[in-house]
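Undergrad: Okay, so here is model31.cif, and as you'll see once you scroll down, it has mmCIF, C-alpha atoms.
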```cif
data_run
loop_
_atom_site.group_PDB
_atom_site.id
_atom_site.type_symbol
_atom_site.label_atom_id
_atom_site.label_comp_id
_atom_site.auth_asym_id
_atom_site.auth_seq_id
_atom_site.Cartn_x
_atom_site.Cartn_y
_atom_site.Cartn_z
ATOM 1 C CA MET C 8 35.922 56.864 2.129
ATOM 2 C CA TYR C 9 32.165 57.372 1.686
ATOM 3 C CA LEU C 10 32.586 57.113 -2.063
ATOM 4 C CA LEU C 11 34.287 53.729 -1.669
ATOM 5 C CA ILE C 12 31.539 52.419 0.620
ATOM 6 C CA SER C 13 28.889 53.684 -1.796
ATOM 7 C CA ALA C 14 30.636 52.074 -4.766
ATOM 8 C CA VAL C 15 30.984 48.721 -2.989
ATOM 9 C CA THR C 16 27.335 48.810 -1.902
ATOM 10 C CA PHE C 17 26.241 49.617 -5.456
ATOM 11 C CA LEU C 18 28.344 46.800 -6.924
ATOM 12 C CA VAL C 19 27.006 44.283 -4.406
ATOM 13 C CA LEU C 20 23.449 45.496 -5.126
ATOM 14 C CA LEU C 21 23.994 45.190 -8.864
ATOM 15 C CA ALA C 22 25.511 41.718 -8.564
ATOM 16 C CA ALA C 23 22.628 40.553 -6.369
ATOM 17 C CA LEU C 24 19.981 41.932 -8.726
ATOM 18 C CA ILE C 25 21.625 40.319 -11.758
ATOM 19 C CA ASP C 26 21.923 37.023 -9.884
ATOM 20 C CA ILE C 27 18.274 37.123 -8.758
ATOM 21 C CA ILE C 28 16.974 37.953 -12.224
ATOM 22 C CA THR C 29 19.024 35.292 -14.012
ATOM 23 C CA ARG C 30 18.084 32.481 -11.599
ATOM 24 C CA THR C 31 15.127 30.225 -12.289
ATOM 25 C CA ASP C 32 12.307 30.027 -9.756
ATOM 26 C CA ASP C 33 13.458 26.627 -8.499
ATOM 27 C CA GLN C 34 16.866 28.105 -7.595
ATOM 28 C CA VAL C 35 15.362 30.764 -5.311
ATOM 29 C CA LYS C 36 14.749 29.869 -1.672
ATOM 30 C CA HIS C 37 12.407 31.199 1.028
ATOM 31 C CA LEU C 38 10.778 34.074 -0.933
ATOM 32 C CA PRO C 39 9.577 34.655 -4.507
ATOM 33 C CA LYS C 40 12.017 36.381 -6.842
ATOM 34 C CA LEU C 41 9.971 39.606 -6.866
ATOM 35 C CA PHE C 42 10.198 39.913 -3.073
ATOM 36 C CA TRP C 43 13.951 39.339 -3.192
ATOM 37 C CA ILE C 44 14.286 42.100 -5.796
ATOM 38 C CA VAL C 45 12.242 44.521 -3.667
ATOM 39 C CA LEU C 46 14.232 43.578 -0.543
ATOM 40 C CA VAL C 47 17.553 44.154 -2.307
ATOM 41 C CA ILE C 48 16.388 47.503 -3.680
ATOM 42 C CA LEU C 49 14.980 48.750 -0.346
ATOM 43 C CA LEU C 50 17.888 47.479 1.771
ATOM 44 C CA PRO C 51 20.795 47.413 -0.703
ATOM 45 C CA PHE C 52 23.652 46.046 1.375
ATOM 46 C CA LEU C 53 21.706 43.971 3.905
ATOM 47 C CA GLY C 54 19.305 42.642 1.263
ATOM 48 C CA SER C 55 22.196 41.637 -0.988
ATOM 49 C CA ILE C 56 23.988 39.867 1.840
ATOM 50 C CA LEU C 57 20.756 38.062 2.769
ATOM 51 C CA TRP C 58 20.254 37.040 -0.862
ATOM 52 C CA PHE C 59 23.724 35.561 -1.200
ATOM 53 C CA THR C 60 23.589 33.787 2.171
ATOM 54 C CA VAL C 61 20.031 32.397 2.371
ATOM 55 C CA GLY C 62 18.103 33.307 -0.753
ATOM 56 C CA ARG C 63 19.885 31.554 -3.569
ATOM 57 C CA GLU C 64 20.350 27.867 -4.214
ATOM 58 C CA TRP C 65 24.064 27.074 -4.284
ATOM 59 C CA GLY C 66 23.578 23.511 -5.556
ATOM 60 C CA ASP C 67 23.493 22.418 -9.166
ATOM 61 C CA ALA C 68 24.947 24.978 -11.529
ATOM 62 C CA ARG C 69 23.066 25.386 -14.749
ATOM 63 C CA GLU C 70 24.556 25.679 -18.194
ATOM 64 C CA SER C 71 25.314 29.289 -19.012
ATOM 65 C CA VAL C 72 23.369 30.375 -22.092
ATOM 66 C CA SER C 73 22.843 33.771 -23.662
ATOM 67 C CA PHE C 74 19.770 35.816 -22.766
ATOM 68 C CA GLY C 75 18.025 35.235 -26.093
ATOM 69 C CA ASP C 76 18.664 31.487 -26.201
ATOM 70 C CA PRO C 77 15.353 29.573 -26.060
ATOM 71 C CA ARG C 78 16.943 26.945 -23.793
ATOM 72 C CA ARG C 79 17.120 29.634 -21.117
ATOM 73 C CA TRP C 80 13.330 29.608 -20.726
ATOM 74 C CA ASP C 81 12.796 25.895 -21.332
ATOM 75 C CA ARG C 82 12.689 24.333 -17.864
ATOM 76 C CA SER C 83 12.250 20.780 -19.164
ATOM 77 C CA THR C 84 15.758 20.307 -20.598
ATOM 78 C CA ALA C 85 18.677 19.212 -18.486
ATOM 79 C CA PRO C 86 21.474 21.759 -18.055
ATOM 80 C CA THR C 87 24.150 19.509 -19.586
ATOM 81 C CA GLU C 88 24.235 16.194 -21.387
ATOM 82 C CA ALA C 89 27.258 14.852 -19.486
ATOM 83 C CA ALA C 90 26.973 13.627 -15.917
ATOM 84 C CA PRO C 91 27.813 16.340 -13.399
ATOM 85 C CA PRO C 92 30.775 15.911 -11.070
ATOM 86 C CA ALA C 93 30.101 14.070 -7.812
ATOM 87 C CA ARG C 94 29.831 17.302 -5.791
ATOM 88 C CA MET C 95 27.111 18.587 -8.111
ATOM 89 C CA GLN C 96 24.927 15.480 -8.324
ATOM 90 C CA ARG C 97 21.405 15.505 -6.967
ATOM 91 C CA GLU C 98 20.915 15.019 -3.277
ATOM 92 C CA LEU C 99 20.571 11.390 -2.296
ATOM 93 C CA SER C 100 17.612 10.048 -0.386
ATOM 94 C CA THR C 101 18.152 8.703 3.113
ATOM 95 C CA GLU C 102 17.962 5.125 1.875
ATOM 96 C CA GLU C 103 20.556 5.830 -0.833
ATOM 97 C CA GLN C 104 22.840 7.492 1.728
ATOM 98 C CA LEU C 105 22.524 4.509 4.067
ATOM 99 C CA ALA C 106 23.254 2.083 1.221
ATOM 100 C CA ALA C 107 26.329 4.115 0.257
ATOM 101 C CA LEU C 108 27.520 4.104 3.876
ATOM 102 C CA ASP C 109 27.006 0.331 4.051
ATOM 103 C CA ARG C 110 29.077 -0.132 0.884
ATOM 104 C CA GLU C 111 31.786 2.137 2.279
ATOM 105 C CA ALA C 112 31.863 0.261 5.613
ATOM 106 C CA GLU C 113 32.029 -3.065 3.779
ATOM 107 C CA TYR C 114 34.922 -1.790 1.654
ATOM 108 C CA TYR C 115 36.935 -0.713 4.710
ATOM 109 C CA GLU C 116 36.177 -3.984 6.513
ATOM 110 C CA LYS C 117 37.499 -5.903 3.499
ATOM 111 C CA GLN C 118 40.604 -3.692 3.414
ATOM 112 C CA ALA C 119 41.221 -4.341 7.129
ATOM 113 C CA ARG C 120 40.784 -8.104 6.599
ATOM 114 C CA ILE C 121 43.270 -8.003 3.702
ATOM 115 C CA ARG C 122 45.803 -6.181 5.916
ATOM 116 C CA ARG C 123 45.323 -8.765 8.712
ATOM 117 C CA LEU C 124 45.768 -11.674 6.290
ATOM 118 C CA GLU C 125 48.881 -10.065 4.794
ATOM 119 C CA ALA C 126 50.309 -9.531 8.279
ATOM 120 C CA ASP C 127 49.571 -13.184 9.167
ATOM 121 C CA LEU C 128 51.203 -14.329 5.943
ATOM 122 C CA ASP C 129 54.290 -12.195 6.621
ATOM 123 C CA SER C 130 54.575 -13.566 10.177
ATOM 124 C CA LYS C 131 54.280 -17.167 8.877
ATOM 125 C CA ARG C 132 56.957 -16.508 6.256
ATOM 126 C CA GLN C 133 59.288 -15.079 8.894
ATOM 127 C CA SER C 134 58.729 -17.991 11.282
ATOM 128 C CA GLU C 135 59.374 -20.535 8.489
ATOM 129 C CA GLY C 136 62.499 -18.722 7.260
#
```
If you took the structure in this file and wrote it as structure tokens, what would it be?

TA:
Amino acid sequence: MYLLISAVTFLVLLAALIDIITRTDDQVKHLPKLFWIVLVILLPFLGSILWFTVGREWGDARESVSFGDPRRWDRSTAPTEAAPPARMQRELSTEEQLAALDREAEYYEKQARIRRLEADLDSKRQSEG
């Protein structure tokens, strides 16, 4: 039993350390990478859990490149050339969110108006027939 707990703790520690080291500085939240590494080493299980819950940025996934690839260290290039899926796009500003909500409300209002007009048309057809 203790061997299993030790093995799981070691694997979680190893995964956290690899994840911390391979992340860029802009993907690390709340503390510098070095402090996260020290925290995970000093408190293996708790530090790893903290890293995965509050320390890492879960947003935009970067292109996976090998360790020796120069693109890995070049922070100026975009991760991919194609547009990311909607769930991975940058966060919208408040004004952009409000504009999107206005467009969505307008769309549903138009759909409701279309349904009302179709219902009126159907009732007129039935009364004429």

Undergrad: Between CA of Ile25 (chain C) and CA of Ile44 (chain C), measure the distance and give it in Å to one decimal.

TA: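 Straight-line distance from CA of Ile25 (chain C) to CA of Ile44 (chain C) works out to 9.6 Å.
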
Undergrad: Between CA of Arg30 (chain C) and CA of Leu57 (chain C), what distance in Å does the model show, to one decimal?

TA: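 About the pair CA of Arg30 (chain C) and CA of Leu57 (chain C): they are 15.6 Å apart.
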
Undergrad: Name the residues in contact with Val47 (chain C) at a cut-off of 10 Å, using all atoms listed in the file, excluding same-chain residues fewer than 3 positions from it; report them as an MDAnalysis selection string.

TA: chainID C and resid 19:21 23:24 27 41:44 50:58

Undergrad: As an exercise, work out the distance from CA of Thr16 (chain C) to CA of Gly62 (chain C) in Å and give it to one decimal place.

TA: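 Between these atoms lies a distance of 18.1 Å.
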
Undergrad: Excluding Trp65 (chain C) and any residue of its chain fewer than 4 positions from it, enumerate the residues within 10 Å of it, using only C-alpha atoms, and give them as an MDAnalysis selection string.

TA: chainID C and resid 34:35 59:61 95
